[in-house]
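Okay, so here's the structure we're looking at.
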Amino acid sequence: MDVEARKDAAPAHRLLVALNCGMLALGAVGGPLLSRVYFSRGGHRKWLSAWLETAGWPLLLVPAAASYAARRARDGRGAPVLLAPPRILLAAAGLGVATGVDDFIYAYGLSYLPVSTSAILIATQLAFTVLFAFLVVRQRLGAASVNAVALLTVGAVVLSLHVSGDRPRGVTGGQYWLGFTLTLGAAALYGLVLPLVELAYRRAAARAVTYALVIEVQLVMGFFATAFCTVGMIVNKDFQAIPREAQHFELGEARYYTVLVWAAVLWQFFFLGAVGVIFCVHTLLAGILIAVFIPVTEVAAVIFLHEKFSSEKGVALVLSLWGLASYSYGEWSEARAKKKTAEAAAEAQAP
């Protein structure tokens, strides 16, 4: 995504890209693992799991306050409290509600699936991101993108052929299929949210789009997503159930709260990293990076949660990585071709 001239400051830009990629990596791997630990060790509250995915939004108040303090020191009392214009804040609120819905769908699906299965299904998010990026922000859809979408789709189909061999303890066949379908739905919905975030940035082009504005957008999204899930928790009486659930948690009461706190922190890393990557580069890179961490999540689930790794999962994983490699190669080839074209044009204009 080409926004302003921020990319001219190459060292600072590379550092910002690395920071957001790091947060996205930690969140993409740690968030799902801790959510599955919650469900597999005695947790049953789906609204609570969804709430945790965005409840870490108050962490963003620190950089937001620091940004305002810097503006106040530079511009005095006339410094704006918020950088985001009202229409962008309104769009962020709507995207926050959509994210809350997505969080609940994902948490509901994860409660019936192993992390390794869920991770492969979430890989289809790249396919949905490519499709919606083409429809929403007119991102070019090349042969490599189409090939990646096809491979990820085939991978999900292959995985669906193994519906009974990796069911968690106590999960029926019907519940497994429900989790399978809901996880695909969550991948599709978040694949739509990412291009809409980029569209919101483009609509803010009347003023400078800075990283401080990105934090404000994510703060508003996190607040409204958490508010949506809070309503669900109140209706479902989940807040009253937390102390009772902690007492019966297999890992102990103290570790129950540790899992909840770190899940909230890591999930916030995921969402802030995702919108940061969109700001620094574009939507499709965010989708690619989420897919990149699938093997890490797979290995971590097998090592730490002792999940089975079936042949169907292996084939689906290979297809997912193949699709990712295809898309990455296409992007690299296109970038190289553009660079050569730009160099040739520069040489032609030289005296």
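Please note that chains go A, B, ... in the order of the structure tokens, that every chain numbers its residues from 1, and that ligands are numbered from 1 in the order shown.
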
Please tabulate, as a Markdown table, the residues of stretch 248-292 of chain A that come within 9 Å of stretch 15-18 of chain A, each with its closest pair of atoms and the distance in Å to one decimal, counting only C-alpha atoms and ordering rows by chain, then residue number upward.
| residue | atom | partner | partner_atom | distance |
| --- | --- | --- | --- | --- |
| A:Gly276 | CA | A:Val17 | CA | 7.6 |
| A:Val277 | CA | A:Val17 | CA | 6.4 |
| A:Cys280 | CA | A:Val17 | CA | 6.2 |
| A:Val281 | CA | A:Val17 | CA | 8.0 |

Which polymer residues have any atom within 9 Å of an atom of A:Ile122, counting only C-alpha atoms, with same-chain residues fewer than 3 positions away left out, as a list in words?
Thr117, Ser118, Ala119, Gln125, Leu126, Thr183, Leu184, Ala186, Ala187, Ala188, Ile290, Ala291 and Ile294 of chain A

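Distances here use only C-alpha atoms; by that measure, the residue among A:Gln268, A:Thr99, A:Ser145, A:Ser311 closest to A:Phe228 is A:Thr99.
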
What parts of stretch 196-235 of chain A does DSSP call helix (DSSP H, G or I)? I'd like the answer as a PyMOL selection string.
chain A and resi 196-203+211-235

What's around A:Ala55 at 10 Å? Count only C-alpha atoms, leave out sequence neighbours fewer than 4 positions away in its own chain, and write the answer as a VMD selection string.
chain A and resid 48 to 51 59 222 to 223 225 to 227 229 to 230 261 263 to 265 267 to 268

Could you name the residues that touch A:Lys46 at 7 Å or less, counting only C-alpha atoms, but leaving out those on the same chain fewer than 5 positions away, as a list in words?
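These residues fall inside the cut-off: Phe104, Ala107 and Tyr108 of chain A.
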
Given the selection you just returned, output its residues as a file containing C-alpha atoms, formatted as a JSON list (two decimals), in the first residue's frame.
[["chain", "number", "residue", "atom", "x", "y", "z"],
["A", 104, "PHE", "CA", -16.51, -15.36, 18.36],
["A", 107, "ALA", "CA", -13.35, -19.20, 19.18],
["A", 108, "TYR", "CA", -16.45, -21.33, 18.68]]

Give me the residues within 8 Å of stretch 67-83 of chain A as a ChimeraX atom specification, counting only C-alpha atoms and dropping any in the same chain fewer than 3 places off.
/A:63-64,212-213,216

Selected residues written out, all heavy atoms, as a PDB file, in the first residue's frame:
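Saved the output as part16.pdb:
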ATOM      1  N   PRO A  63       1.042   3.912  23.861  1.00  0.00           N
ATOM      2  CA  PRO A  63       1.624   4.626  22.712  1.00  0.00           C
ATOM      3  C   PRO A  63       0.737   5.751  22.210  1.00  0.00           C
ATOM      4  O   PRO A  63       1.249   6.766  21.709  1.00  0.00           O
ATOM      5  CB  PRO A  63       1.800   3.528  21.657  1.00  0.00           C
ATOM      6  CG  PRO A  63       0.854   2.444  22.054  1.00  0.00           C
ATOM      7  CD  PRO A  63       0.787   2.493  23.548  1.00  0.00           C
ATOM      8  N   ALA A  64      -0.600   5.609  22.338  1.00  0.00           N
ATOM      9  CA  ALA A  64      -1.495   6.681  21.897  1.00  0.00           C
ATOM     10  C   ALA A  64      -1.301   7.925  22.758  1.00  0.00           C
ATOM     11  O   ALA A  64      -1.253   9.059  22.249  1.00  0.00           O
ATOM     12  CB  ALA A  64      -2.942   6.214  21.959  1.00  0.00           C
ATOM     13  N   ALA A 212       0.935   6.604  14.278  1.00  0.00           N
ATOM     14  CA  ALA A 212       0.084   7.014  15.400  1.00  0.00           C
ATOM     15  C   ALA A 212      -1.391   6.883  15.032  1.00  0.00           C
ATOM     16  O   ALA A 212      -2.220   6.463  15.851  1.00  0.00           O
ATOM     17  CB  ALA A 212       0.412   8.455  15.798  1.00  0.00           C
ATOM     18  N   LEU A 213      -1.731   7.224  13.786  1.00  0.00           N
ATOM     19  CA  LEU A 213      -3.112   7.066  13.332  1.00  0.00           C
ATOM     20  C   LEU A 213      -3.493   5.593  13.264  1.00  0.00           C
ATOM     21  O   LEU A 213      -4.621   5.212  13.602  1.00  0.00           O
ATOM     22  CB  LEU A 213      -3.293   7.737  11.975  1.00  0.00           C
ATOM     23  CG  LEU A 213      -4.718   7.771  11.401  1.00  0.00           C
ATOM     24  CD1 LEU A 213      -4.953   9.080  10.661  1.00  0.00           C
ATOM     25  CD2 LEU A 213      -4.968   6.600  10.456  1.00  0.00           C
ATOM     26  N   GLU A 216      -4.411   4.466  16.641  1.00  0.00           N
ATOM     27  CA  GLU A 216      -5.743   4.952  17.001  1.00  0.00           C
ATOM     28  C   GLU A 216      -6.836   4.099  16.359  1.00  0.00           C
ATOM     29  O   GLU A 216      -7.833   3.753  17.008  1.00  0.00           O
ATOM     30  CB  GLU A 216      -5.908   6.407  16.565  1.00  0.00           C
ATOM     31  CG  GLU A 216      -5.098   7.395  17.383  1.00  0.00           C
ATOM     32  CD  GLU A 216      -5.288   8.823  16.913  1.00  0.00           C
ATOM     33  OE1 GLU A 216      -6.133   9.055  16.013  1.00  0.00           O
ATOM     34  OE2 GLU A 216      -4.587   9.706  17.434  1.00  0.00           O
TER      35      GLU A 216
END

Which residues of stretch 190-276 of chain A have any atom within 9 Å of an atom in stretch 133-143 of chain A when counting only C-alpha atoms, and what is the closest pair of atoms for each, with the distance in Å to one decimal? Order the rows by chain and rising number and write it as JSON lines.
{"residue": "A:Gly191", "atom": "CA", "partner": "A:Ala133", "partner_atom": "CA", "distance": 8.4}
{"residue": "A:Leu192", "atom": "CA", "partner": "A:Ala133", "partner_atom": "CA", "distance": 7.7}
{"residue": "A:Leu194", "atom": "CA", "partner": "A:Ala133", "partner_atom": "CA", "distance": 8.1}
{"residue": "A:Pro195", "atom": "CA", "partner": "A:Ala133", "partner_atom": "CA", "distance": 5.2}
{"residue": "A:Leu196", "atom": "CA", "partner": "A:Val136", "partner_atom": "CA", "distance": 7.0}
{"residue": "A:Glu198", "atom": "CA", "partner": "A:Val137", "partner_atom": "CA", "distance": 7.5}
{"residue": "A:Leu199", "atom": "CA", "partner": "A:Val137", "partner_atom": "CA", "distance": 6.3}

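Closest approach to A:Leu260 among A:Gly287, A:Gly30, A:Gly155, A:Gly330: A:Gly30, based on only C-alpha atoms.
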
Could you pull the residues within 12 Å of A:Ile303, counting only C-alpha atoms, minus those fewer than 6 positions along the same chain, as an NGL selection string?
:A and (33 or 115-116 or 296-297 or 309)

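Nearest-residue note for A:Ser310: choosing from A:Val231, A:Glu298, A:Leu251, A:Met23, the minimum distance belongs to A:Glu298, counting only C-alpha atoms.
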
As an exercise, work out the distance from atom CA of A:Ala325 to atom CA of A:Phe293 in Å and give it to one decimal place.
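Result for atom CA of A:Ala325 versus atom CA of A:Phe293: 12.9 Å, one decimal.
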
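For the choices A:Pro85, A:Pro168, A:Gly94, A:Gly179, the atom-to-atom distance to A:Leu121 is smallest for A:Gly179 when using only C-alpha atoms.
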
Return the single residue from A:Arg45, A:Arg14, A:Arg167, A:Arg36 that is closest to A:Ala246, with distances computed using only C-alpha atoms.
A:Arg45

Counting only C-alpha atoms, the residue of A:Val302, A:Ala200, A:Val292, A:Met233 that sits nearest A:Leu52:
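The answer is A:Met233, which sits nearest to A:Leu52.
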